[in-house]
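Visitor: I'd like to ask you about the structure that follows.
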Amino acid sequence: MAWHHLWMLGALLVFLCLAQLIFNEVLLSFKCRHIPCPSGRIPFLGHALMLLRGNVWDTFRELSREHGNFFRMHVLGRVYIVMADPAYARHVLQTKAKNYRKDPGTYKVFDCLLGTGIVTSEGERWHRLRRELAPTFKLEILEEVASAALEITRNLFQTLDEAAASGTAVDMAEIFRKLTLQVISLAVLGVEPAESEREISNLYLPIIDGAC
């Protein structure tokens with residue numbers, strides 16, 4: 001009899017959890033009903049399976065062509081707003097930044113890189129860190145970024161010329177990902193491209209790939 005009662009209690013708890021999840025999803029859908037939403041949504045899973053197919057950025061690009069620069073996606077009971085317009089980005093990141101909070105779950109995968117620094121901080125802590133870092137990021141750093149980009153791009157030309165001469169195919173998306181890291185590493189950290197390729201790219205890019 002005791003096992004029967006435990007089984008009934010467990011079933012009741014599962015039912016209540018599912019009911020809560022369904023209620024939350026219906027409520028979120030109602031609140032966001034004015035925002036376009038791609039088809040193919042599965043209860044609770046939402047668009048999770050869609051995002052697991054291929055490269056997530058390619059998926060976003062295709063959905064943007066179909067639904068415009070502002071649409072919503074449902075993933076595991078949560079609603080994510082996808083924006084592909086500079087005006088929307090400015091609204092969230094600058095004009096009305098106080099209305100939006102950073103999602104802890106999004107940054108969790110980057111804890112080993114970002115820790116509790118300025119990227120993951122908010123409120124007074126963010127302002128304090130911003131004041132502390134302000135002297136480092138002077139206008140002159142833009143000149144260093146430009147010179148670093150020029151140097152690294154020249155190296156890239158050599159790599160592409162060698163690939164063209166040998167008829168070797170290259171992945172330009174991967175090349176530009178690493179080039180971006182090399183420019184930042186050289187301009188901000190003083191790390192040479194070879195060291196950036198060996199240390200920073202091998203640490204950072206697998207984390208990005210895992211998050212996507």
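By order of appearance in the structure tokens: chains A, B, ..., then residues from 1 within every chain, and ligands from 1 in the order shown.
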Near range 142-158 of chain A, within 9 Å and counting only C-alpha atoms, which residues show up once chain neighbours fewer than 6 positions away are dropped, as a list in words?
Guide: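 Neighbouring residues, sequence-local ones excluded: Ile175, Leu179, Thr180, Gln182, Val183, Ile184, Leu186, Ala187, Val188 and Pro193 of chain A.
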Visitor: Can those selected residues be exported to a file as an mmCIF file, in the first residue's frame so that it contains all heavy atoms?
Guide:
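out.cif, freshly written:
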```cif
data_model
loop_
_atom_site.group_PDB
_atom_site.id
_atom_site.type_symbol
_atom_site.label_atom_id
_atom_site.label_comp_id
_atom_site.auth_asym_id
_atom_site.auth_seq_id
_atom_site.Cartn_x
_atom_site.Cartn_y
_atom_site.Cartn_z
ATOM 1 N N ILE A 175 38.225 30.963 -40.961
ATOM 2 C CA ILE A 175 39.382 31.854 -41.065
ATOM 3 C C ILE A 175 39.076 33.215 -40.451
ATOM 4 O O ILE A 175 39.877 33.770 -39.697
ATOM 5 C CB ILE A 175 39.806 32.007 -42.545
ATOM 6 C CG1 ILE A 175 40.539 30.752 -43.007
ATOM 7 C CG2 ILE A 175 40.693 33.236 -42.735
ATOM 8 C CD1 ILE A 175 40.931 30.770 -44.463
ATOM 9 N N LEU A 179 40.689 35.181 -37.384
ATOM 10 C CA LEU A 179 41.270 36.488 -37.663
ATOM 11 C C LEU A 179 40.768 37.528 -36.667
ATOM 12 O O LEU A 179 41.544 38.358 -36.176
ATOM 13 C CB LEU A 179 40.936 36.909 -39.096
ATOM 14 C CG LEU A 179 41.539 38.229 -39.591
ATOM 15 C CD1 LEU A 179 41.914 38.109 -41.066
ATOM 16 C CD2 LEU A 179 40.560 39.387 -39.421
ATOM 17 N N THR A 180 39.474 37.478 -36.354
ATOM 18 C CA THR A 180 38.917 38.417 -35.385
ATOM 19 C C THR A 180 39.584 38.267 -34.029
ATOM 20 O O THR A 180 39.955 39.262 -33.382
ATOM 21 C CB THR A 180 37.398 38.189 -35.239
ATOM 22 O OG1 THR A 180 36.777 38.346 -36.520
ATOM 23 C CG2 THR A 180 36.790 39.174 -34.253
ATOM 24 N N GLN A 182 42.551 37.077 -33.460
ATOM 25 C CA GLN A 182 43.947 37.490 -33.575
ATOM 26 C C GLN A 182 44.085 39.006 -33.506
ATOM 27 O O GLN A 182 45.009 39.529 -32.867
ATOM 28 C CB GLN A 182 44.540 36.965 -34.881
ATOM 29 C CG GLN A 182 44.733 35.459 -34.903
ATOM 30 C CD GLN A 182 45.145 34.940 -36.264
ATOM 31 O OE1 GLN A 182 45.440 35.709 -37.166
ATOM 32 N NE2 GLN A 182 45.153 33.621 -36.424
ATOM 33 N N VAL A 183 43.157 39.726 -34.143
ATOM 34 C CA VAL A 183 43.197 41.187 -34.107
ATOM 35 C C VAL A 183 42.990 41.685 -32.676
ATOM 36 O O VAL A 183 43.727 42.547 -32.178
ATOM 37 C CB VAL A 183 42.133 41.791 -35.049
ATOM 38 C CG1 VAL A 183 42.010 43.304 -34.828
ATOM 39 C CG2 VAL A 183 42.481 41.505 -36.503
ATOM 40 N N ILE A 184 41.985 41.145 -31.995
ATOM 41 C CA ILE A 184 41.720 41.553 -30.617
ATOM 42 C C ILE A 184 42.898 41.204 -29.718
ATOM 43 O O ILE A 184 43.324 42.001 -28.876
ATOM 44 C CB ILE A 184 40.434 40.881 -30.108
ATOM 45 C CG1 ILE A 184 39.218 41.376 -30.900
ATOM 46 C CG2 ILE A 184 40.230 41.151 -28.611
ATOM 47 C CD1 ILE A 184 37.936 40.638 -30.599
ATOM 48 N N LEU A 186 46.064 40.824 -30.484
ATOM 49 C CA LEU A 186 47.243 41.639 -30.757
ATOM 50 C C LEU A 186 47.048 43.074 -30.287
ATOM 51 O O LEU A 186 47.935 43.666 -29.654
ATOM 52 C CB LEU A 186 47.572 41.606 -32.251
ATOM 53 C CG LEU A 186 48.824 42.380 -32.687
ATOM 54 C CD1 LEU A 186 50.056 41.850 -31.962
ATOM 55 C CD2 LEU A 186 49.022 42.276 -34.198
ATOM 56 N N ALA A 187 45.875 43.659 -30.572
ATOM 57 C CA ALA A 187 45.644 45.069 -30.255
ATOM 58 C C ALA A 187 45.449 45.304 -28.763
ATOM 59 O O ALA A 187 45.945 46.285 -28.210
ATOM 60 C CB ALA A 187 44.432 45.585 -31.021
ATOM 61 N N VAL A 188 44.737 44.398 -28.098
ATOM 62 C CA VAL A 188 44.376 44.617 -26.698
ATOM 63 C C VAL A 188 45.336 43.928 -25.735
ATOM 64 O O VAL A 188 45.709 44.490 -24.704
ATOM 65 C CB VAL A 188 42.928 44.145 -26.433
ATOM 66 C CG1 VAL A 188 42.550 44.339 -24.971
ATOM 67 C CG2 VAL A 188 41.951 44.893 -27.329
ATOM 68 N N PRO A 193 49.883 36.786 -33.428
ATOM 69 C CA PRO A 193 48.912 35.902 -34.091
ATOM 70 C C PRO A 193 49.186 34.415 -33.893
ATOM 71 O O PRO A 193 48.259 33.635 -33.672
ATOM 72 C CB PRO A 193 49.040 36.305 -35.562
ATOM 73 C CG PRO A 193 49.471 37.732 -35.520
ATOM 74 C CD PRO A 193 50.371 37.841 -34.332
#
```
Visitor: Name all residues at most 9 Å from range 47-61 of chain A (count only C-alpha atoms; drop same-chain ones fewer than 2 positions away) and give them as a ChimeraX atom specification.
Guide: /A:38-42,44-45,63-66,73-76,82,84,212
Visitor: Those same residues, written as a PDB file, in the first residue's frame with C-alpha atoms?
Guide:
```
ATOM      1  CA  PRO A  38       8.200  30.365 -36.994  1.00  0.00           C
ATOM      2  CA  SER A  39       6.075  27.292 -37.613  1.00  0.00           C
ATOM      3  CA  GLY A  40       7.136  23.795 -36.583  1.00  0.00           C
ATOM      4  CA  ARG A  41       6.902  24.439 -32.851  1.00  0.00           C
ATOM      5  CA  ILE A  42       6.575  21.337 -30.658  1.00  0.00           C
ATOM      6  CA  PHE A  44       7.418  22.275 -24.494  1.00  0.00           C
ATOM      7  CA  LEU A  45      10.376  21.544 -26.816  1.00  0.00           C
ATOM      8  CA  LEU A  63      14.308  32.493 -40.384  1.00  0.00           C
ATOM      9  CA  SER A  64      15.157  36.184 -40.646  1.00  0.00           C
ATOM     10  CA  ARG A  65      14.584  36.080 -44.394  1.00  0.00           C
ATOM     11  CA  GLU A  66      11.202  34.474 -43.819  1.00  0.00           C
ATOM     12  CA  MET A  73      11.445  31.323 -30.729  1.00  0.00           C
ATOM     13  CA  HIS A  74      10.290  28.929 -28.017  1.00  0.00           C
ATOM     14  CA  VAL A  75      12.872  26.614 -26.432  1.00  0.00           C
ATOM     15  CA  LEU A  76      12.110  24.330 -23.464  1.00  0.00           C
ATOM     16  CA  VAL A  82      15.698  37.176 -32.147  1.00  0.00           C
ATOM     17  CA  ALA A  84      18.578  41.323 -36.715  1.00  0.00           C
ATOM     18  CA  CYS A 212      25.925  26.802 -30.502  1.00  0.00           C
TER      19      CYS A 212
END
```
Visitor: From the list A:Arg128, A:Lys31, A:Arg78, A:His91, which residue is nearest Asp103 in chain A when using only C-alpha atoms?
Guide: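 Of A:Arg128, A:Lys31, A:Arg78, A:His91, the one nearest Asp103 in chain A, counting only C-alpha atoms, is A:Arg78.
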Visitor: For CA of Met172 in chain A and CA of Glu195 in chain A, determine how far apart the two atoms are, in Å to one decimal place.
Guide: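 So the answer is 20.4 Å.
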Visitor: Would you mind writing down, as a list in words, each residue of range 29-200 of chain A that DSSP on the backbone assigns to strand (DSSP E or B)?
Guide: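 Here is the list: Ile42, Gly46, Phe70, Phe71, Arg72, Met73, His74, Val75, Arg78, Val79, Tyr80, Ile81, Val82 and Met83 of chain A.
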Visitor: Using DSSP secondary structure from the backbone, list all alpha helix (DSSP H) positions within range 37-143 of chain A, as a PyMOL selection string.
Guide: chain A and resi 48-52+56-67+86-90+104-108+111-114+123-133+141-143
Visitor: What is the distance, in Å and to one decimal place, between CA of Glu124 in chain A and CA of Tyr88 in chain A?
Guide: 24.6 Å
Visitor: My list of candidates is A:Pro36, A:Gly167, A:Gly77, A:Pro86. Which is closest to Phe23 in chain A when distances are computed with only C-alpha atoms?
Guide: A:Gly77
Visitor: In Å, how far is it from CA of Ser121 in chain A to CA of Lys102 in chain A?
Guide: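 CA of Lys102 in chain A lies at a distance of 8.3 Å from CA of Ser121 in chain A.
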